[in-house]
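Here is the file final.cif (mmCIF, C-alpha atoms).
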```cif
data_entry
loop_
_atom_site.group_PDB
_atom_site.id
_atom_site.type_symbol
_atom_site.label_atom_id
_atom_site.label_comp_id
_atom_site.auth_asym_id
_atom_site.auth_seq_id
_atom_site.Cartn_x
_atom_site.Cartn_y
_atom_site.Cartn_z
ATOM 1 C CA MET G 1 59.451 -20.683 55.230
ATOM 2 C CA ILE G 2 58.190 -17.773 53.181
ATOM 3 C CA ASP G 3 54.606 -16.897 52.514
ATOM 4 C CA ILE G 4 53.643 -18.126 49.050
ATOM 5 C CA ASN G 5 50.665 -16.501 47.356
ATOM 6 C CA ALA G 6 48.646 -18.379 44.737
ATOM 7 C CA GLU G 7 50.131 -16.428 41.831
ATOM 8 C CA ASP G 8 53.730 -17.074 42.894
ATOM 9 C CA GLN G 9 52.910 -20.727 43.476
ATOM 10 C CA PHE G 10 51.353 -21.115 40.020
ATOM 11 C CA TYR G 11 54.270 -19.517 38.160
ATOM 12 C CA MET G 12 56.965 -21.312 40.147
ATOM 13 C CA GLN G 13 55.254 -24.611 39.339
ATOM 14 C CA LYS G 14 55.531 -23.657 35.662
ATOM 15 C CA ALA G 15 59.240 -22.983 36.154
ATOM 16 C CA LEU G 16 59.603 -26.359 37.892
ATOM 17 C CA GLN G 17 57.933 -28.029 34.896
ATOM 18 C CA GLN G 18 60.552 -26.433 32.662
ATOM 19 C CA ALA G 19 63.312 -27.645 34.994
ATOM 20 C CA GLN G 20 61.922 -31.172 34.748
ATOM 21 C CA ILE G 21 62.077 -30.951 30.948
ATOM 22 C CA ALA G 22 65.736 -29.966 31.254
ATOM 23 C CA ALA G 23 66.432 -32.977 33.491
ATOM 24 C CA GLU G 24 64.698 -35.293 31.016
ATOM 25 C CA HIS G 25 67.109 -34.016 28.356
ATOM 26 C CA ASP G 26 70.129 -34.543 30.636
ATOM 27 C CA GLU G 27 70.534 -30.797 31.163
ATOM 28 C CA VAL G 28 71.116 -29.203 34.558
ATOM 29 C CA PRO G 29 67.492 -28.887 35.722
ATOM 30 C CA VAL G 30 66.859 -25.169 35.768
ATOM 31 C CA GLY G 31 63.593 -23.763 34.497
ATOM 32 C CA ALA G 32 62.326 -20.216 34.059
ATOM 33 C CA VAL G 33 59.182 -18.335 33.108
ATOM 34 C CA ILE G 34 58.670 -14.615 32.572
ATOM 35 C CA ILE G 35 55.363 -12.967 33.393
ATOM 36 C CA PHE G 36 53.899 -9.776 31.927
ATOM 37 C CA GLN G 37 50.456 -8.557 32.957
ATOM 38 C CA ASN G 38 49.670 -11.895 34.624
ATOM 39 C CA GLN G 39 50.508 -13.904 31.508
ATOM 40 C CA ILE G 40 53.452 -16.139 30.716
ATOM 41 C CA ILE G 41 55.291 -14.549 27.808
ATOM 42 C CA ALA G 42 58.387 -16.755 27.980
ATOM 43 C CA LYS G 43 59.291 -20.187 29.284
ATOM 44 C CA ALA G 44 62.609 -21.943 29.015
ATOM 45 C CA HIS G 45 64.934 -24.526 30.475
ATOM 46 C CA ASN G 46 68.675 -24.993 30.327
ATOM 47 C CA GLN G 47 69.927 -26.053 26.897
ATOM 48 C CA VAL G 48 73.677 -25.795 27.404
ATOM 49 C CA GLU G 49 74.415 -29.413 26.447
ATOM 50 C CA MET G 50 72.004 -29.586 23.525
ATOM 51 C CA LEU G 51 73.190 -26.330 21.964
ATOM 52 C CA LYS G 52 76.823 -26.711 23.081
ATOM 53 C CA ASP G 53 76.535 -23.130 24.307
ATOM 54 C CA PRO G 54 77.573 -22.051 27.810
ATOM 55 C CA THR G 55 75.202 -19.078 27.593
ATOM 56 C CA ALA G 56 72.095 -21.215 26.941
ATOM 57 C CA HIS G 57 70.813 -20.875 30.498
ATOM 58 C CA ALA G 58 67.065 -20.920 31.114
ATOM 59 C CA GLU G 59 67.078 -17.261 32.164
ATOM 60 C CA MET G 60 68.952 -16.088 29.066
ATOM 61 C CA ILE G 61 66.639 -17.969 26.713
ATOM 62 C CA ALA G 62 63.563 -16.688 28.555
ATOM 63 C CA ILE G 63 64.813 -13.086 28.424
ATOM 64 C CA THR G 64 65.291 -13.351 24.654
ATOM 65 C CA GLN G 65 61.807 -14.840 24.251
ATOM 66 C CA ALA G 66 60.228 -12.133 26.426
ATOM 67 C CA CYS G 67 61.960 -9.297 24.563
ATOM 68 C CA ASN G 68 60.745 -10.804 21.293
ATOM 69 C CA ALA G 69 57.204 -11.208 22.652
ATOM 70 C CA LEU G 70 57.067 -7.570 23.735
ATOM 71 C CA SER G 71 59.187 -6.197 20.884
ATOM 72 C CA ALA G 72 61.199 -4.392 23.552
ATOM 73 C CA LYS G 73 64.703 -4.433 24.963
ATOM 74 C CA TRP G 74 63.530 -3.638 28.486
ATOM 75 C CA LEU G 75 61.294 -5.848 30.594
ATOM 76 C CA THR G 76 60.444 -3.246 33.237
ATOM 77 C CA ASP G 77 56.987 -4.609 34.031
ATOM 78 C CA CYS G 78 58.012 -8.273 34.040
ATOM 79 C CA CYS G 79 58.747 -10.874 36.694
ATOM 80 C CA LEU G 80 61.104 -13.817 36.236
ATOM 81 C CA TYR G 81 60.436 -17.042 38.120
ATOM 82 C CA VAL G 82 63.411 -19.400 38.091
ATOM 83 C CA THR G 83 64.140 -22.552 40.060
ATOM 84 C CA VAL G 84 67.758 -21.697 40.940
ATOM 85 C CA GLU G 85 69.410 -18.404 41.868
ATOM 86 C CA PRO G 86 70.826 -16.823 38.701
ATOM 87 C CA CYS G 87 74.569 -16.815 38.032
ATOM 88 C CA SER G 88 76.516 -13.626 37.295
ATOM 89 C CA MET G 89 75.824 -13.840 33.548
ATOM 90 C CA CYS G 90 72.091 -14.215 34.090
ATOM 91 C CA ALA G 91 71.916 -11.646 36.904
ATOM 92 C CA GLY G 92 73.732 -9.180 34.656
ATOM 93 C CA ALA G 93 71.205 -9.868 31.901
ATOM 94 C CA LEU G 94 68.352 -9.263 34.365
ATOM 95 C CA VAL G 95 69.801 -5.861 35.205
ATOM 96 C CA LEU G 96 70.431 -4.986 31.552
ATOM 97 C CA ALA G 97 66.892 -6.065 30.612
ATOM 98 C CA ARG G 98 65.593 -4.093 33.601
ATOM 99 C CA ILE G 99 63.478 -6.959 34.879
ATOM 100 C CA ASN G 100 61.321 -5.611 37.686
ATOM 101 C CA ARG G 101 61.119 -8.672 39.940
ATOM 102 C CA LEU G 102 62.911 -11.981 40.369
ATOM 103 C CA CYS G 103 61.533 -14.948 42.320
ATOM 104 C CA TYR G 104 63.810 -17.953 42.654
ATOM 105 C CA GLY G 105 63.663 -21.285 44.419
ATOM 106 C CA THR G 106 67.010 -22.412 45.788
ATOM 107 C CA ARG G 107 70.269 -20.597 46.387
ATOM 108 C CA ASP G 108 73.429 -21.329 44.451
ATOM 109 C CA LEU G 109 76.224 -21.103 47.003
ATOM 110 C CA LYS G 110 78.946 -21.508 44.345
ATOM 111 C CA THR G 111 77.894 -19.097 41.591
ATOM 112 C CA GLY G 112 74.746 -17.307 42.786
ATOM 113 C CA ALA G 113 74.759 -13.638 41.870
ATOM 114 C CA CYS G 114 71.543 -12.490 43.543
ATOM 115 C CA GLY G 115 72.751 -12.572 47.120
ATOM 116 C CA SER G 116 74.595 -15.849 47.775
ATOM 117 C CA VAL G 117 78.090 -15.170 46.401
ATOM 118 C CA VAL G 118 77.591 -11.655 45.041
ATOM 119 C CA ASN G 119 74.541 -9.507 44.497
ATOM 120 C CA LEU G 120 74.568 -8.057 40.992
ATOM 121 C CA ALA G 121 70.781 -7.936 40.922
ATOM 122 C CA GLN G 122 70.720 -5.261 43.614
ATOM 123 C CA HIS G 123 74.133 -3.636 43.263
ATOM 124 C CA ASN G 124 73.849 0.083 44.029
ATOM 125 C CA ALA G 125 76.476 1.073 41.452
ATOM 126 C CA LEU G 126 74.391 -0.309 38.591
ATOM 127 C CA ASN G 127 71.676 1.606 36.765
ATOM 128 C CA HIS G 128 68.906 -0.823 37.768
ATOM 129 C CA GLN G 129 68.167 -2.968 40.801
ATOM 130 C CA VAL G 130 65.911 -6.009 40.634
ATOM 131 C CA GLU G 131 63.458 -6.778 43.418
ATOM 132 C CA VAL G 132 64.456 -10.258 44.630
ATOM 133 C CA ARG G 133 62.374 -12.841 46.420
ATOM 134 C CA GLU G 134 63.992 -16.146 47.257
ATOM 135 C CA GLY G 135 62.868 -19.481 48.628
ATOM 136 C CA LEU G 136 59.766 -20.237 46.545
ATOM 137 C CA PHE G 137 59.513 -24.032 46.548
ATOM 138 C CA ARG G 138 63.095 -24.121 47.886
ATOM 139 C CA ASP G 139 62.904 -27.794 48.849
ATOM 140 C CA ASP G 140 61.382 -28.902 45.542
ATOM 141 C CA CYS G 141 63.897 -26.917 43.497
ATOM 142 C CA GLY G 142 66.809 -28.110 45.629
ATOM 143 C CA ALA G 143 65.664 -31.746 45.491
ATOM 144 C CA LEU G 144 65.454 -31.631 41.705
ATOM 145 C CA MET G 145 69.056 -30.433 41.524
ATOM 146 C CA THR G 146 70.307 -32.838 44.184
ATOM 147 C CA ASN G 147 68.635 -35.845 42.544
ATOM 148 C CA PHE G 148 70.012 -34.875 39.142
ATOM 149 C CA PHE G 149 73.602 -34.727 40.388
ATOM 150 C CA GLU G 150 73.256 -37.846 42.537
ATOM 151 C CA LYS G 151 72.193 -39.772 39.420
ATOM 152 C CA LYS G 152 75.149 -38.340 37.507
ATOM 153 C CA ARG G 153 77.578 -39.408 40.225
ATOM 154 C CA ALA G 154 75.977 -42.859 40.515
ATOM 155 C CA ALA G 155 76.357 -43.339 36.768
ATOM 156 C CA GLY G 156 80.023 -42.414 37.077
ATOM 157 C CA LYS G 157 79.661 -39.308 34.954
ATOM 158 C CA LYS G 158 81.909 -36.366 35.592
ATOM 159 C CA VAL G 159 80.100 -33.798 37.700
ATOM 160 C CA LYS G 160 81.499 -30.299 37.798
ATOM 161 C CA ILE G 161 79.004 -28.955 40.332
ATOM 162 C CA MET G 162 78.344 -30.758 43.583
ATOM 163 C CA PRO G 163 75.547 -29.770 45.969
ATOM 164 C CA ASP G 164 76.558 -29.076 49.562
ATOM 165 C CA LYS G 165 73.060 -29.077 51.038
ATOM 166 C CA LYS G 166 69.763 -30.522 49.925
ATOM 167 C CA SER G 167 67.744 -27.383 50.644
ATOM 168 C CA GLU G 168 70.313 -25.058 49.059
ATOM 169 C CA MET G 169 71.741 -26.316 45.836
ATOM 170 C CA PHE G 170 75.334 -25.158 46.181
#
```
Can you give me the file's structure in the form of C-alpha cells?
Amino acid sequence: MIDINAEDQFYMQKALQQAQIAAEHDEVPVGAVIIFQNQIIAKAHNQVEMLKDPTAHAEMIAITQACNALSAKWLTDCCLYVTVEPCSMCAGALVLARINRLCYGTRDLKTGACGSVVNLAQHNALNHQVEVREGLFRDDCGALMTNFFEKKRAAGKKVKIMPDKKSEMF
C-alpha cells in the first residue's frame, strides 16, 4: 500500500469518475485528469468505441485538452492522473508532451508502457523522463476493469483483453 496524500486522492477520484463514465458508455473504463497549478485543466475517458478511433484513449484526449487549455505543446508543469497504466502510444505522448508527473492506479501487464511491459515513460534514451507513481486506488481501478470485462464475458461479447488478477488489470 502506498501513502496517498489528500491531493492525490482527490484527483484520482476525479479520474475514477471519468472511468465510470466510460463504463456507462460501454467503453473500456479508463479515466484521466491533468492538473496544472492545482487545477484540473483536462478530464477525459476512453472514447475508442464511440469515435471508432483506436487512438481515442483517455490520456490522448486529456493531453489534447490540456495543450489547448494552456496554448502550449509542452505540459512540463502538469501531472496526469489515470486509472490504468498507459500503453505505449499514451506513454510516448506523455514523453512528447513532457508531462512532469504521472500517477496511475492499476498496472497493465499486457500493454503497460510505464514499467509493466516496457518503460517508455522513463527510458534513458529519450529526451524526457516522466516521474511515475503507481498504485493510487489500485484496488478500485482494478475492480472497475475486472467488473467491466466480467460483464462483457457474461453477456457473451467478444473480449480482447482479459484480466489476470483483480488488483492488477492485466
Contacts of Val118 (chain G) at 12 Å (all atoms listed in the file; same-chain gap of 6+ positions) as a PDB file with C-alpha atoms, in the frame of the given file:
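Output contents, as saved in around38.pdb:
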```
ATOM      1  CA  GLU G  85      69.410 -18.404  41.868  1.00  0.00           C
ATOM      2  CA  PRO G  86      70.826 -16.823  38.701  1.00  0.00           C
ATOM      3  CA  CYS G  87      74.569 -16.815  38.032  1.00  0.00           C
ATOM      4  CA  SER G  88      76.516 -13.626  37.295  1.00  0.00           C
ATOM      5  CA  MET G  89      75.824 -13.840  33.548  1.00  0.00           C
ATOM      6  CA  ALA G  91      71.916 -11.646  36.904  1.00  0.00           C
ATOM      7  CA  GLY G  92      73.732  -9.180  34.656  1.00  0.00           C
ATOM      8  CA  ARG G 107      70.269 -20.597  46.387  1.00  0.00           C
ATOM      9  CA  ASP G 108      73.429 -21.329  44.451  1.00  0.00           C
ATOM     10  CA  LEU G 109      76.224 -21.103  47.003  1.00  0.00           C
ATOM     11  CA  LYS G 110      78.946 -21.508  44.345  1.00  0.00           C
ATOM     12  CA  THR G 111      77.894 -19.097  41.591  1.00  0.00           C
ATOM     13  CA  GLY G 112      74.746 -17.307  42.786  1.00  0.00           C
TER      14      GLY G 112
END
```
**Report entry** Selection result of the PyMOL selection byres ((chain G and resi 100) around 10) on this file, as a ChimeraX atom specification
**Finding:** /G:74-80,94-95,97-99,101-102,128-132
**Report entry** Of the listed residues G:Val28, G:Val117, G:Gln39, G:Ala23, that which approaches Pro54 (chain G) most closely, counting all atoms listed in the file
**Finding:** G:Val28
Query raised in the report: Where does the PyMOL selection byres ((chain G and resi 138) around 9) land in this file, that is, which residues does it pick, as a VMD selection string?
Result: chain G and resid 1 83 to 84 104 to 107 134 to 137 139 to 143 167 to 168
Could those residues be written to a file, using C-alpha atoms, as a JSON list (two decimals), in the frame of the given file?
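The resulting file, result_6.json, is reproduced below:
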```json
[["chain", "number", "residue", "atom", "x", "y", "z"],
["G", 1, "MET", "CA", 59.45, -20.68, 55.23],
["G", 83, "THR", "CA", 64.14, -22.55, 40.06],
["G", 84, "VAL", "CA", 67.76, -21.70, 40.94],
["G", 104, "TYR", "CA", 63.81, -17.95, 42.65],
["G", 105, "GLY", "CA", 63.66, -21.28, 44.42],
["G", 106, "THR", "CA", 67.01, -22.41, 45.79],
["G", 107, "ARG", "CA", 70.27, -20.60, 46.39],
["G", 134, "GLU", "CA", 63.99, -16.15, 47.26],
["G", 135, "GLY", "CA", 62.87, -19.48, 48.63],
["G", 136, "LEU", "CA", 59.77, -20.24, 46.54],
["G", 137, "PHE", "CA", 59.51, -24.03, 46.55],
["G", 139, "ASP", "CA", 62.90, -27.79, 48.85],
["G", 140, "ASP", "CA", 61.38, -28.90, 45.54],
["G", 141, "CYS", "CA", 63.90, -26.92, 43.50],
["G", 142, "GLY", "CA", 66.81, -28.11, 45.63],
["G", 143, "ALA", "CA", 65.66, -31.75, 45.49],
["G", 167, "SER", "CA", 67.74, -27.38, 50.64],
["G", 168, "GLU", "CA", 70.31, -25.06, 49.06]]
```
Query raised in the report: Around (65.6, -22.6, 33.0) in the file's own coordinates, what residues are found within 8 Å if you use all atoms listed in the file, given back as a VMD selection string?
Result: chain G and resid 15 18 to 19 22 29 to 33 43 to 46 57 to 59 61 to 62 82 to 83
Listed atoms of region 17-26 of chain G boxed along x, y and z, 3 Å each side, centre and edge lengths in Å, one decimal, as AutoDock Vina command-line options:
```
--center_x 64.0 --center_y -30.9 --center_z 31.7 --size_x 18.2 --size_y 14.9 --size_z 12.6
```
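Taking CA of Gln47 (chain G) as the reference point, CA of Gln9 (chain G) is found at 24.3 Å.
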Query - Of the listed residues G:Ala66, G:Ser71, G:Tyr81, G:Thr146, that which approaches Phe10 (chain G) most closely, counting all atoms listed in the file - result: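 Under the stated criterion, the closest residue is G:Tyr81.
Between CA of Ala69 (chain G) and CA of Asn38 (chain G) the separation is 14.2 Å.
Proximity to Met12 (chain G) was assessed for G:Lys73, G:His25, G:Arg133, G:His123 counting all atoms listed in the file; the smallest distance is recorded for G:Arg133.
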Query raised in the report: How far is it from CA of Gln65 (chain G) to CA of Ile41 (chain G), in Å with one decimal?
Result: 7.4 Å
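For the residues G:Asn5, G:Gln20, G:Gln13, G:Gln37, ranking by smallest atom-to-atom distance to Leu144 (chain G) using only C-alpha atoms places G:Gln20 first.
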Requested in this report: Select, from G:Asn119, G:Glu150, G:Lys14, G:Glu27, the residue with the minimum atom-to-atom distance to Ala56 (chain G), counting only C-alpha atoms.
Outcome: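 Closest to Ala56 (chain G) of all the choices is G:Glu27.
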Incomplete region 64-99 of chain G filled out to N, CA and C atoms as a tab-separated table (two decimals), in the coordinates of the input:
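Produced file part_10.tsv, reproduced below:
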```tsv
chain	number	residue	atom	x	y	z
G	64	THR	N	65.38	-13.55	26.10
G	64	THR	CA	65.29	-13.35	24.65
G	64	THR	C	63.86	-13.54	24.17
G	65	GLN	N	63.20	-14.59	24.64
G	65	GLN	CA	61.81	-14.84	24.25
G	65	GLN	C	60.90	-13.68	24.68
G	66	ALA	N	61.08	-13.21	25.90
G	66	ALA	CA	60.23	-12.13	26.43
G	66	ALA	C	60.44	-10.84	25.65
G	67	CYS	N	61.69	-10.50	25.35
G	67	CYS	CA	61.96	-9.30	24.56
G	67	CYS	C	61.32	-9.41	23.18
G	68	ASN	N	61.39	-10.60	22.59
G	68	ASN	CA	60.74	-10.80	21.29
G	68	ASN	C	59.23	-10.68	21.41
G	69	ALA	N	58.66	-11.25	22.47
G	69	ALA	CA	57.20	-11.21	22.65
G	69	ALA	C	56.69	-9.78	22.82
G	70	LEU	N	57.48	-8.96	23.48
G	70	LEU	CA	57.07	-7.57	23.74
G	70	LEU	C	57.64	-6.58	22.73
G	71	SER	N	58.48	-7.08	21.83
G	71	SER	CA	59.19	-6.20	20.88
G	71	SER	C	59.85	-5.05	21.63
G	72	ALA	N	60.56	-5.39	22.69
G	72	ALA	CA	61.20	-4.39	23.55
G	72	ALA	C	62.52	-4.93	24.09
G	73	LYS	N	63.44	-4.01	24.36
G	73	LYS	CA	64.70	-4.43	24.96
G	73	LYS	C	64.65	-4.40	26.49
G	74	TRP	N	63.67	-3.73	27.05
G	74	TRP	CA	63.53	-3.64	28.49
G	74	TRP	C	62.27	-4.36	28.94
G	75	LEU	N	62.39	-5.05	30.04
G	75	LEU	CA	61.29	-5.85	30.59
G	75	LEU	C	60.87	-5.26	31.95
G	76	THR	N	60.66	-3.97	31.99
G	76	THR	CA	60.44	-3.25	33.24
G	76	THR	C	59.20	-3.68	34.01
G	77	ASP	N	58.22	-4.19	33.35
G	77	ASP	CA	56.99	-4.61	34.03
G	77	ASP	C	56.87	-6.13	34.12
G	78	CYS	N	58.01	-6.81	34.06
G	78	CYS	CA	58.01	-8.27	34.04
G	78	CYS	C	58.60	-8.86	35.32
G	79	CYS	N	58.21	-10.10	35.57
G	79	CYS	CA	58.75	-10.87	36.69
G	79	CYS	C	59.30	-12.18	36.15
G	80	LEU	N	60.48	-12.54	36.59
G	80	LEU	CA	61.10	-13.82	36.24
G	80	LEU	C	60.98	-14.76	37.41
G	81	TYR	N	60.46	-15.95	37.16
G	81	TYR	CA	60.44	-17.04	38.12
G	81	TYR	C	61.44	-18.07	37.62
G	82	VAL	N	62.39	-18.43	38.48
G	82	VAL	CA	63.41	-19.40	38.09
G	82	VAL	C	63.70	-20.31	39.28
G	83	THR	N	64.00	-21.56	39.00
G	83	THR	CA	64.14	-22.55	40.06
G	83	THR	C	65.42	-22.40	40.87
G	84	VAL	N	66.46	-21.83	40.27
G	84	VAL	CA	67.76	-21.70	40.94
G	84	VAL	C	68.23	-20.25	40.82
G	85	GLU	N	68.86	-19.76	41.87
G	85	GLU	CA	69.41	-18.40	41.87
G	85	GLU	C	70.28	-18.18	40.63
G	86	PRO	N	70.04	-17.10	39.90
G	86	PRO	CA	70.83	-16.82	38.70
G	86	PRO	C	72.32	-16.62	38.98
G	87	CYS	N	73.12	-17.02	37.99
G	87	CYS	CA	74.57	-16.82	38.03
G	87	CYS	C	74.88	-15.37	37.65
G	88	SER	N	76.15	-15.01	37.62
G	88	SER	CA	76.52	-13.63	37.30
G	88	SER	C	76.12	-13.24	35.88
G	89	MET	N	76.23	-14.15	34.92
G	89	MET	CA	75.82	-13.84	33.55
G	89	MET	C	74.33	-13.52	33.50
G	90	CYS	N	73.54	-14.38	34.12
G	90	CYS	CA	72.09	-14.22	34.09
G	90	CYS	C	71.64	-13.02	34.92
G	91	ALA	N	72.26	-12.81	36.07
G	91	ALA	CA	71.92	-11.65	36.90
G	91	ALA	C	72.25	-10.36	36.16
G	92	GLY	N	73.38	-10.34	35.46
G	92	GLY	CA	73.73	-9.18	34.66
G	92	GLY	C	72.70	-8.94	33.56
G	93	ALA	N	72.23	-10.00	32.94
G	93	ALA	CA	71.20	-9.87	31.90
G	93	ALA	C	69.89	-9.35	32.49
G	94	LEU	N	69.57	-9.77	33.71
G	94	LEU	CA	68.35	-9.26	34.36
G	94	LEU	C	68.43	-7.76	34.58
G	95	VAL	N	69.59	-7.30	34.99
G	95	VAL	CA	69.80	-5.86	35.20
G	95	VAL	C	69.73	-5.13	33.86
G	96	LEU	N	70.42	-5.65	32.86
G	96	LEU	CA	70.43	-4.99	31.55
G	96	LEU	C	69.05	-4.97	30.92
G	97	ALA	N	68.26	-6.00	31.15
G	97	ALA	CA	66.89	-6.06	30.61
G	97	ALA	C	65.91	-5.28	31.48
G	98	ARG	N	66.40	-4.85	32.64
G	98	ARG	CA	65.59	-4.09	33.60
G	98	ARG	C	64.35	-4.85	34.07
G	99	ILE	N	64.55	-6.14	34.29
G	99	ILE	CA	63.48	-6.96	34.88
G	99	ILE	C	63.08	-6.32	36.21
```
